[in-house]
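Novice: What follows is target.cif, mmCIF, C-alpha atoms and all ligand atoms.
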data_structure
#
loop_
_atom_site.group_PDB
_atom_site.id
_atom_site.type_symbol
_atom_site.label_atom_id
_atom_site.label_comp_id
_atom_site.auth_asym_id
_atom_site.auth_seq_id
_atom_site.Cartn_x
_atom_site.Cartn_y
_atom_site.Cartn_z
ATOM 1 C CA GLY A 1 13.177 8.866 -0.854
ATOM 2 C CA LYS A 2 13.805 7.427 -4.308
ATOM 3 C CA HIS A 3 11.554 8.624 -7.130
ATOM 4 C CA TRP A 4 8.964 6.215 -8.534
ATOM 5 C CA GLY A 5 5.707 6.480 -10.468
ATOM 6 C CA TYR A 6 3.491 4.654 -12.950
ATOM 7 C CA GLY A 7 5.155 5.841 -16.147
ATOM 8 C CA LYS A 8 7.259 3.893 -18.635
ATOM 9 C CA ASP A 9 10.562 4.900 -17.021
ATOM 10 C CA ASP A 10 9.546 4.816 -13.351
ATOM 11 C CA GLY A 11 6.645 2.375 -13.282
ATOM 12 C CA PRO A 12 5.966 -1.020 -11.642
ATOM 13 C CA SER A 13 8.141 -2.984 -14.094
ATOM 14 C CA ILE A 14 11.295 -1.158 -12.941
ATOM 15 C CA TRP A 15 10.506 -0.636 -9.242
ATOM 16 C CA HIS A 16 12.690 -3.689 -8.457
ATOM 17 C CA GLN A 17 15.792 -1.697 -9.443
ATOM 18 C CA ASN A 18 15.418 0.649 -6.480
ATOM 19 C CA PHE A 19 13.244 -1.682 -4.370
ATOM 20 C CA PRO A 20 14.574 -5.248 -4.788
ATOM 21 C CA VAL A 21 11.871 -6.615 -2.435
ATOM 22 C CA ALA A 22 9.570 -6.184 -5.483
ATOM 23 C CA GLU A 23 10.837 -9.654 -6.438
ATOM 24 C CA GLY A 24 9.854 -11.025 -3.006
ATOM 25 C CA ASP A 25 7.456 -13.880 -2.332
ATOM 26 C CA ARG A 26 4.667 -11.958 -0.585
ATOM 27 C CA GLN A 27 4.155 -9.032 -2.953
ATOM 28 C CA SER A 28 0.808 -7.304 -3.402
ATOM 29 C CA PRO A 29 -1.567 -6.740 -5.111
ATOM 30 C CA ILE A 30 -2.688 -10.202 -6.190
ATOM 31 C CA ASP A 31 -5.493 -11.700 -8.229
ATOM 32 C CA ILE A 32 -7.936 -13.200 -5.733
ATOM 33 C CA MET A 33 -9.401 -16.567 -6.809
ATOM 34 C CA PRO A 34 -12.307 -17.172 -4.387
ATOM 35 C CA GLN A 35 -12.545 -20.905 -5.149
ATOM 36 C CA GLN A 36 -8.896 -21.317 -4.148
ATOM 37 C CA ALA A 37 -9.456 -19.521 -0.818
ATOM 38 C CA SER A 38 -9.614 -21.988 2.068
ATOM 39 C CA HIS A 39 -12.171 -21.214 4.791
ATOM 40 C CA ASP A 40 -10.452 -20.973 8.194
ATOM 41 C CA PRO A 41 -12.981 -21.635 10.998
ATOM 42 C CA ASN A 42 -10.566 -20.113 13.526
ATOM 43 C CA LEU A 43 -10.879 -16.726 11.832
ATOM 44 C CA GLY A 44 -13.291 -14.545 13.771
ATOM 45 C CA PRO A 45 -15.071 -11.399 12.522
ATOM 46 C CA ILE A 46 -13.159 -8.171 12.069
ATOM 47 C CA VAL A 47 -14.164 -5.316 14.370
ATOM 48 C CA LEU A 48 -13.700 -1.653 13.422
ATOM 49 C CA ASN A 49 -13.699 0.760 16.364
ATOM 50 C CA TYR A 50 -13.766 4.035 14.467
ATOM 51 C CA ASP A 51 -16.416 5.712 16.582
ATOM 52 C CA HIS A 52 -14.187 8.383 18.120
ATOM 53 C CA CYS A 53 -12.472 8.962 14.869
ATOM 54 C CA THR A 54 -9.696 11.463 14.618
ATOM 55 C CA SER A 55 -9.250 12.509 11.007
ATOM 56 C CA LEU A 56 -6.839 15.435 10.626
ATOM 57 C CA ASN A 57 -6.226 16.437 7.024
ATOM 58 C CA ILE A 58 -6.351 15.387 3.393
ATOM 59 C CA CYS A 59 -3.252 15.607 1.260
ATOM 60 C CA ASN A 60 -2.046 14.723 -2.223
ATOM 61 C CA ASN A 61 1.409 13.181 -2.039
ATOM 62 C CA GLY A 62 1.728 12.945 -5.794
ATOM 63 C CA HIS A 63 0.910 9.221 -5.788
ATOM 64 C CA SER A 64 -2.469 9.206 -4.136
ATOM 65 C CA VAL A 65 -4.763 11.377 -2.061
ATOM 66 C CA VAL A 66 -4.466 10.487 1.616
ATOM 67 C CA VAL A 67 -6.701 11.269 4.614
ATOM 68 C CA GLU A 68 -4.502 11.206 7.730
ATOM 69 C CA PHE A 69 -5.569 10.388 11.286
ATOM 70 C CA ASP A 70 -4.243 11.151 14.757
ATOM 71 C CA ASP A 71 -2.702 7.810 15.759
ATOM 72 C CA THR A 72 -1.277 8.861 19.139
ATOM 73 C CA ASP A 73 -3.696 6.515 20.980
ATOM 74 C CA ASP A 74 -6.078 3.588 20.369
ATOM 75 C CA ARG A 75 -9.225 5.593 19.612
ATOM 76 C CA SER A 76 -9.505 4.283 16.035
ATOM 77 C CA VAL A 77 -8.477 0.644 15.641
ATOM 78 C CA ILE A 78 -9.159 -2.522 13.710
ATOM 79 C CA LEU A 79 -9.092 -5.849 15.598
ATOM 80 C CA GLY A 80 -10.196 -9.480 15.328
ATOM 81 C CA GLY A 81 -10.065 -11.522 12.155
ATOM 82 C CA PRO A 82 -6.461 -12.620 11.549
ATOM 83 C CA LEU A 83 -5.024 -9.959 13.892
ATOM 84 C CA ASP A 84 -3.503 -10.858 17.277
ATOM 85 C CA ASN A 85 -4.013 -7.354 18.705
ATOM 86 C CA PRO A 86 -5.571 -4.008 17.762
ATOM 87 C CA TYR A 87 -3.926 -2.031 14.947
ATOM 88 C CA ARG A 88 -4.225 1.780 14.902
ATOM 89 C CA LEU A 89 -5.733 3.655 11.933
ATOM 90 C CA LYS A 90 -3.059 5.880 10.389
ATOM 91 C CA GLN A 91 -4.490 6.936 7.029
ATOM 92 C CA PHE A 92 -6.712 5.936 4.178
ATOM 93 C CA HIS A 93 -6.240 6.538 0.472
ATOM 94 C CA PHE A 94 -7.699 5.525 -2.882
ATOM 95 C CA HIS A 95 -6.390 3.988 -6.064
ATOM 96 C CA TRP A 96 -8.530 5.652 -8.684
ATOM 97 C CA GLY A 97 -9.003 4.646 -12.314
ATOM 98 C CA GLY A 98 -8.728 7.180 -15.088
ATOM 99 C CA LYS A 99 -11.819 8.079 -17.148
ATOM 100 C CA GLY A 100 -13.846 4.868 -17.022
ATOM 101 C CA CYS A 101 -10.758 2.649 -16.746
ATOM 102 C CA HIS A 102 -10.571 0.412 -13.727
ATOM 103 C CA GLY A 103 -8.215 1.544 -10.986
ATOM 104 C CA SER A 104 -8.431 -1.212 -8.378
ATOM 105 C CA GLU A 105 -5.138 -2.890 -7.438
ATOM 106 C CA HIS A 106 -6.465 -6.258 -6.294
ATOM 107 C CA THR A 107 -8.568 -8.137 -8.840
ATOM 108 C CA VAL A 108 -11.100 -10.936 -8.320
ATOM 109 C CA GLU A 109 -10.857 -13.746 -10.881
ATOM 110 C CA GLY A 110 -9.057 -11.284 -13.163
ATOM 111 C CA ASN A 111 -11.757 -8.614 -12.844
ATOM 112 C CA SER A 112 -10.830 -5.169 -11.603
ATOM 113 C CA TYR A 113 -13.107 -2.622 -9.956
ATOM 114 C CA ALA A 114 -13.414 1.084 -10.680
ATOM 115 C CA SER A 115 -11.373 2.012 -7.619
ATOM 116 C CA GLU A 116 -9.999 0.617 -4.350
ATOM 117 C CA LEU A 117 -9.932 2.181 -0.874
ATOM 118 C CA HIS A 118 -7.130 1.237 1.542
ATOM 119 C CA LEU A 119 -7.395 1.891 5.278
ATOM 120 C CA VAL A 120 -3.847 1.590 6.660
ATOM 121 C CA HIS A 121 -3.381 0.494 10.307
ATOM 122 C CA TRP A 122 -0.204 -0.237 12.312
ATOM 123 C CA ASN A 123 0.687 -2.519 15.227
ATOM 124 C CA ALA A 124 1.320 -0.015 18.021
ATOM 125 C CA VAL A 125 1.398 -2.826 20.618
ATOM 126 C CA LYS A 126 4.607 -4.343 19.220
ATOM 127 C CA TYR A 127 6.228 -1.321 17.526
ATOM 128 C CA ARG A 128 6.973 2.189 18.730
ATOM 129 C CA SER A 129 6.334 4.038 15.477
ATOM 130 C CA PHE A 130 4.537 3.650 12.173
ATOM 131 C CA GLY A 131 7.872 3.664 10.303
ATOM 132 C CA GLU A 132 9.199 0.794 12.434
ATOM 133 C CA ALA A 133 5.941 -1.180 12.026
ATOM 134 C CA ALA A 134 5.883 -0.562 8.255
ATOM 135 C CA SER A 135 9.006 -2.692 7.775
ATOM 136 C CA ALA A 136 8.027 -5.516 10.160
ATOM 137 C CA PRO A 137 6.287 -8.684 8.867
ATOM 138 C CA ASP A 138 3.328 -8.192 11.260
ATOM 139 C CA GLY A 139 3.563 -4.412 11.359
ATOM 140 C CA LEU A 140 0.633 -3.281 9.196
ATOM 141 C CA ALA A 141 -2.962 -4.277 8.524
ATOM 142 C CA VAL A 142 -4.628 -2.759 5.457
ATOM 143 C CA LEU A 143 -8.391 -3.044 4.954
ATOM 144 C CA GLY A 144 -9.154 -3.032 1.235
ATOM 145 C CA ILE A 145 -12.600 -2.027 -0.045
ATOM 146 C CA PHE A 146 -13.561 -2.188 -3.728
ATOM 147 C CA LEU A 147 -15.536 0.659 -5.293
ATOM 148 C CA GLU A 148 -17.839 -0.129 -8.218
ATOM 149 C CA THR A 149 -19.889 2.320 -10.279
ATOM 150 C CA GLY A 150 -23.556 2.529 -9.483
ATOM 151 C CA ASP A 151 -25.558 4.937 -7.367
ATOM 152 C CA ASP A 152 -24.014 8.110 -6.098
ATOM 153 C CA HIS A 153 -22.279 7.431 -2.774
ATOM 154 C CA ARG A 154 -23.756 9.795 -0.216
ATOM 155 C CA TRP A 155 -20.610 10.305 1.842
ATOM 156 C CA LEU A 156 -17.961 10.030 -0.827
ATOM 157 C CA HIS A 157 -18.961 13.549 -1.927
ATOM 158 C CA THR A 158 -17.317 14.986 1.179
ATOM 159 C CA ILE A 159 -14.063 13.394 0.061
ATOM 160 C CA THR A 160 -14.284 14.126 -3.665
ATOM 161 C CA ASP A 161 -15.218 17.744 -2.857
ATOM 162 C CA ALA A 162 -12.167 18.003 -0.601
ATOM 163 C CA LEU A 163 -10.022 16.337 -3.275
ATOM 164 C CA TYR A 164 -10.544 19.328 -5.530
ATOM 165 C CA MET A 165 -8.789 21.320 -2.832
ATOM 166 C CA VAL A 166 -5.738 19.076 -3.107
ATOM 167 C CA LYS A 167 -5.789 18.470 -6.851
ATOM 168 C CA TYR A 168 -2.152 19.505 -7.243
ATOM 169 C CA LYS A 169 0.767 17.654 -5.673
ATOM 170 C CA ALA A 170 1.930 18.445 -2.135
ATOM 171 C CA SER A 171 -1.193 20.315 -1.176
ATOM 172 C CA VAL A 172 -2.809 19.651 2.181
ATOM 173 C CA THR A 173 -6.127 20.824 3.573
ATOM 174 C CA ASP A 174 -7.969 20.434 6.883
ATOM 175 C CA PHE A 175 -10.289 17.412 7.019
ATOM 176 C CA LYS A 176 -11.566 16.909 10.561
ATOM 177 C CA GLY A 177 -14.453 14.816 11.863
ATOM 178 C CA PHE A 178 -14.682 12.364 8.980
ATOM 179 C CA ASN A 179 -15.611 8.855 10.123
ATOM 180 C CA PRO A 180 -14.568 6.219 7.553
ATOM 181 C CA LYS A 181 -17.263 3.878 8.889
ATOM 182 C CA CYS A 182 -19.561 5.607 6.403
ATOM 183 C CA LEU A 183 -17.468 4.084 3.595
ATOM 184 C CA LEU A 184 -18.053 0.466 4.630
ATOM 185 C CA PRO A 185 -20.327 -1.961 2.769
ATOM 186 C CA SER A 186 -23.098 -3.756 4.695
ATOM 187 C CA SER A 187 -21.221 -7.064 4.912
ATOM 188 C CA LEU A 188 -17.716 -7.421 6.353
ATOM 189 C CA HIS A 189 -17.063 -10.882 4.894
ATOM 190 C CA TYR A 190 -13.407 -10.817 3.875
ATOM 191 C CA TRP A 191 -10.439 -12.553 2.305
ATOM 192 C CA THR A 192 -7.113 -12.253 4.138
ATOM 193 C CA TYR A 193 -3.524 -13.007 3.146
ATOM 194 C CA LEU A 194 0.013 -11.957 4.052
ATOM 195 C CA GLY A 195 1.326 -9.451 1.521
ATOM 196 C CA SER A 196 3.047 -6.120 1.034
ATOM 197 C CA LEU A 197 2.652 -2.427 0.389
ATOM 198 C CA THR A 198 1.475 -2.116 -3.234
ATOM 199 C CA THR A 199 3.747 0.855 -3.921
ATOM 200 C CA PRO A 200 7.377 1.533 -3.037
ATOM 201 C CA PRO A 201 8.935 0.841 -0.577
ATOM 202 C CA LEU A 202 6.889 -2.390 -1.121
ATOM 203 C CA HIS A 203 7.677 -3.601 2.419
ATOM 204 C CA GLU A 204 6.372 -7.153 3.070
ATOM 205 C CA SER A 205 4.681 -5.972 6.250
ATOM 206 C CA VAL A 206 0.954 -6.058 5.433
ATOM 207 C CA THR A 207 -1.747 -8.413 6.665
ATOM 208 C CA TRP A 208 -4.308 -7.757 3.917
ATOM 209 C CA ILE A 209 -8.010 -7.877 4.771
ATOM 210 C CA VAL A 210 -10.014 -7.406 1.538
ATOM 211 C CA LEU A 211 -13.804 -7.087 1.830
ATOM 212 C CA LYS A 212 -15.805 -9.223 -0.572
ATOM 213 C CA GLU A 213 -18.640 -6.673 -0.945
ATOM 214 C CA PRO A 214 -17.846 -3.505 -2.909
ATOM 215 C CA ILE A 215 -19.383 -0.106 -2.201
ATOM 216 C CA ALA A 216 -21.195 1.774 -4.989
ATOM 217 C CA VAL A 217 -20.015 5.143 -6.241
ATOM 218 C CA SER A 218 -21.218 7.176 -9.215
ATOM 219 C CA GLU A 219 -19.331 7.144 -12.521
ATOM 220 C CA ARG A 220 -18.206 10.718 -11.859
ATOM 221 C CA GLN A 221 -16.916 9.875 -8.380
ATOM 222 C CA ALA A 222 -15.110 6.761 -9.623
ATOM 223 C CA SER A 223 -13.322 8.477 -12.464
ATOM 224 C CA PHE A 224 -11.941 11.272 -10.295
ATOM 225 C CA GLU A 225 -8.499 12.019 -11.596
ATOM 226 C CA CYS A 226 -6.193 13.974 -9.376
ATOM 227 C CA SER A 227 -2.782 15.075 -10.636
ATOM 228 C CA CYS A 228 -1.211 12.131 -8.856
ATOM 229 C CA SER A 229 0.024 9.552 -11.296
ATOM 230 C CA LEU A 230 -2.489 7.122 -12.749
ATOM 231 C CA GLY A 231 -1.658 4.250 -14.914
ATOM 232 C CA ARG A 232 -1.011 0.554 -15.081
ATOM 233 C CA LYS A 233 -1.297 -1.235 -11.788
ATOM 234 C CA ARG A 234 0.991 -4.098 -10.901
ATOM 235 C CA ILE A 235 -0.477 -7.565 -10.672
ATOM 236 C CA ARG A 236 1.951 -9.697 -8.771
ATOM 237 C CA GLY A 237 2.199 -13.108 -7.303
ATOM 238 C CA TYR A 238 -0.509 -15.638 -6.706
ATOM 239 C CA ALA A 239 -3.135 -15.740 -4.015
ATOM 240 C CA TRP A 240 -2.302 -18.486 -1.575
ATOM 241 C CA LYS A 241 -3.244 -19.108 2.014
ATOM 242 C CA ILE A 242 -6.216 -16.828 1.405
ATOM 243 C CA THR A 243 -8.821 -17.512 4.044
ATOM 244 C CA SER A 244 -12.209 -15.936 4.645
ATOM 245 C CA GLY A 245 -14.121 -15.220 7.798
ATOM 246 C CA PRO A 246 -17.627 -14.337 9.004
ATOM 247 C CA PRO A 247 -18.979 -10.765 9.081
ATOM 248 C CA SER A 248 -18.117 -8.582 12.037
ATOM 249 C CA LEU A 249 -20.403 -7.817 14.954
ATOM 250 C CA SER A 250 -20.033 -4.092 15.264
ATOM 251 C CA LYS A 251 -19.891 -3.181 18.943
ATOM 252 C CA ALA A 252 -22.708 -0.676 18.785
ATOM 253 C CA GLY A 253 -24.735 -3.057 16.633
ATOM 254 C CA LYS A 254 -25.099 -0.207 14.156
ATOM 255 C CA TYR A 255 -22.781 2.263 12.548
ATOM 256 C CA ALA A 256 -22.557 5.695 14.123
ATOM 257 C CA PRO A 257 -23.496 8.270 11.452
ATOM 258 C CA PRO A 258 -20.398 10.149 10.343
ATOM 259 C CA ILE A 259 -19.964 13.593 11.825
ATOM 260 C CA ASN A 260 -19.200 16.238 9.192
HETATM 261 N N1 LIG A 301 -1.314 0.813 -1.210
HETATM 262 S S1 LIG A 301 -0.857 0.350 0.238
HETATM 263 O O1 LIG A 301 -1.980 0.445 1.177
HETATM 264 O O2 LIG A 301 -0.236 -0.936 0.163
HETATM 265 C C1 LIG A 301 0.304 1.472 0.830
HETATM 266 C C2 LIG A 301 1.396 1.942 0.192
HETATM 267 C C3 LIG A 301 2.154 2.853 0.968
HETATM 268 C C4 LIG A 301 1.627 3.079 2.196
HETATM 269 S S2 LIG A 301 2.200 4.079 3.475
HETATM 270 O O3 LIG A 301 1.457 5.276 3.492
HETATM 271 O O4 LIG A 301 2.033 3.301 4.646
HETATM 272 N N2 LIG A 301 3.705 4.492 3.279
HETATM 273 C C5 LIG A 301 4.649 3.435 3.327
HETATM 274 C C6 LIG A 301 5.969 3.915 3.799
HETATM 275 C C7 LIG A 301 6.697 4.954 3.324
HETATM 276 C C8 LIG A 301 7.920 5.109 3.997
HETATM 277 C C9 LIG A 301 8.135 4.192 5.002
HETATM 278 S S3 LIG A 301 6.789 3.178 5.082
HETATM 279 S S4 LIG A 301 0.237 2.158 2.388
HETATM 280 ZN ZN ZN A 302 -3.084 1.585 -1.342
#
Show me the file's structure as structure tokens.

Specialist:
Amino acid sequence: GKHWGYGKDDGPSIWHQNFPVAEGDRQSPIDIMPQQASHDPNLGPIVLNYDHCTSLNICNNGHSVVVEFDDTDDRSVILGGPLDNPYRLKQFHFHWGGKGCHGSEHTVEGNSYASELHLVHWNAVKYRSFGEAASAPDGLAVLGIFLETGDDHRWLHTITDALYMVKYKASVTDFKGFNPKCLLPSSLHYWTYLGSLTTPPLHESVTWIVLKEPIAVSERQASFECSCSLGRKRIRGYAWKITSGPPSLSKAGKYAPPIN
């Protein structure tokens, strides 16, 4: 596809030249203003069925480091909350900051976090492929989790250790048996709004579900810099129709420990 990045000549301020939807009216990320979020009593808890998780590999696509999953069936899905049906887990990736600078894409009252984790899911009930879902208004559901610096995160090590294997662009390495449930905070209270992919092709196909509670990672883990491009994030649009819902009731009542 068309080249893009975070530099002066290929960064967010010129993405609209190759991706005109950048000027659309449901572009992400946004600055979340909790007081302006309206509580929607019809919104139930989100449920994450990641127990029989099917991670495959970890790769660096030059923009981010991505852990990919086998999405050929409904073993790993997100449901509930604002979603009308289960959405299949396809991949997760991070938006890291540089040394000490804050890399989160969404902000809360103008404040950014050290990093942001995105778990990307697609609507396999309505669409036949990820690519088809990714350009449909109800095609994707991305769960956003903020990372803040604090204690060392016990399970993030497995990812940051693997990241060193894929430090240079277009490298892939095996990454089986990782259950992303170990990356979740204790509370699943969330904000949700209709938005877009935060990088090209910027499709307006994402139902965003952003958790209010961040997870803690150590300074070293948060400032991981892979060779993928880092740099200014794009703050777009205004949060509207943001609603929040109660925490989820995980089916097993507790989180299965990740298998490694
Ligand atoms: N930061 S984010 O979660 O909003 C994502 C940005 C891009 C994502 S993708 O991996 O789904 N690729 C999107 C596509 C490429 C080609 C056709 S669709 S997810
Ligand atoms: Zn992302």

Novice: One decimal, in Å: what's the spacing between atom CA of Asp10 of chain A and atom CA of Thr173 of chain A?

Specialist: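 Separation between atom CA of Asp10 of chain A and atom CA of Thr173 of chain A: 28.1 Å.
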
Novice: Using the chain letters and numbering of this document, enumerate as a PyMOL selection string the residues selected by the PyMOL selection byres (((chain A and resi 216) around 10) and not hetatm).

Specialist: chain A and resi 114+146-154+156+183+185+213-215+217-219+221-222

Novice: Quick check, in Å to one decimal: how far apart do atom C9 of ligand LIG 301 (chain A) and atom CA of Met33 of chain A lie?

Specialist: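 Value for the atom C9 of ligand LIG 301 (chain A)-atom CA of Met33 of chain A distance: 29.6 Å.
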
Novice: How many Å separate atom C1 of ligand LIG 301 (chain A) from atom CA of Asn60 of chain A?

Specialist: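 Rounded to one decimal, the two atoms are 13.8 Å apart.
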
Novice: Expanded to explicit residues, what is the PyMOL selection byres (((not hetatm)) within 9 of (chain A and resi 301)) for this file, as a PyMOL selection string?

Specialist: chain A and resi 1+28-29+64+66+90-95+105+117-122+130-135+140-144+195-203+206+208

Novice: Which residue, A:Ala136, A:Ile145, A:Leu163, A:Leu43, has the smallest gap to ligand ZN 302 (chain A) when you use all atoms listed in the file?

Specialist: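 Using all atoms listed in the file, the shortest distance to ligand ZN 302 (chain A) belongs to A:Ile145.
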
Novice: With a distance cut-off of 7 Å and all atoms listed in the file, select the neighbouring residues of Ser76 of chain A, excluding the residue or stretch itself and same-chain residues fewer than 4 positions from it, and output the selection as a list in words.

Specialist: Asn49, Tyr50, His52, Cys53, Arg88 and Leu89 of chain A

Novice: Save out the residues we just selected, C-alpha atoms, as a PDB file, keeping the file's coordinate frame.

Specialist:
ATOM      1  CA  ASN A  49     -13.699   0.760  16.364  1.00  0.00           C
ATOM      2  CA  TYR A  50     -13.766   4.035  14.467  1.00  0.00           C
ATOM      3  CA  HIS A  52     -14.187   8.383  18.120  1.00  0.00           C
ATOM      4  CA  CYS A  53     -12.472   8.962  14.869  1.00  0.00           C
ATOM      5  CA  ARG A  88      -4.225   1.780  14.902  1.00  0.00           C
ATOM      6  CA  LEU A  89      -5.733   3.655  11.933  1.00  0.00           C
TER       7      LEU A  89
END

Novice: Please provide the set of residues having any atom within 6 Å of Asp31 of chain A, restricted to all atoms listed in the file, with same-chain residues fewer than 2 positions apart removed, written as a list in words.

Specialist: His106, Thr107 and Val108 of chain A

Novice: May I ask which of the residues A:Trp96, A:Trp155, A:Tyr193, A:Tyr127 is the closest one to ligand ZN 302 (chain A), counting only C-alpha atoms and all ligand atoms?

Specialist: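 Distance minimum relative to ligand ZN 302 (chain A) lands on A:Trp96.
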
Novice: Could you tell me, as a list in words, exactly which residues end up selected when the PyMOL selection byres (((chain A and resi 79-84) around 6) and not hetatm) is applied to this structure?

Specialist: Leu43, Gly44, Pro45, Ile46, Val47, Ile78, Asn85 and Pro86 of chain A

Novice: Please tell me which residues are no farther than 12 Å from (18.8, 0.8, -4.1) in the file, counting only C-alpha atoms, and write them as a compact mmCIF listing (two decimals) with C-alpha atoms, in the frame of the given file.

Specialist:
# COMPACT_ATOMS: atom_id res chain seq x y z
CA GLY A 1 13.18 8.87 -0.85
CA LYS A 2 13.80 7.43 -4.31
CA HIS A 3 11.55 8.62 -7.13
CA ILE A 14 11.30 -1.16 -12.94
CA TRP A 15 10.51 -0.64 -9.24
CA HIS A 16 12.69 -3.69 -8.46
CA GLN A 17 15.79 -1.70 -9.44
CA ASN A 18 15.42 0.65 -6.48
CA PHE A 19 13.24 -1.68 -4.37
CA PRO A 20 14.57 -5.25 -4.79
CA VAL A 21 11.87 -6.62 -2.44
CA ALA A 22 9.57 -6.18 -5.48
CA PRO A 200 7.38 1.53 -3.04
CA PRO A 201 8.94 0.84 -0.58

Novice: Could you give me the axis-aligned bounding box of segment 113-123 of chain A, with 6 Å of padding per side, as centre plus edge lengths in Å to one decimal, as lines of an AutoDock Vina configuration file?

Specialist:
center_x = -6.4
center_y = -0.2
center_z = 2.3
size_x = 26.1
size_y = 16.8
size_z = 37.9
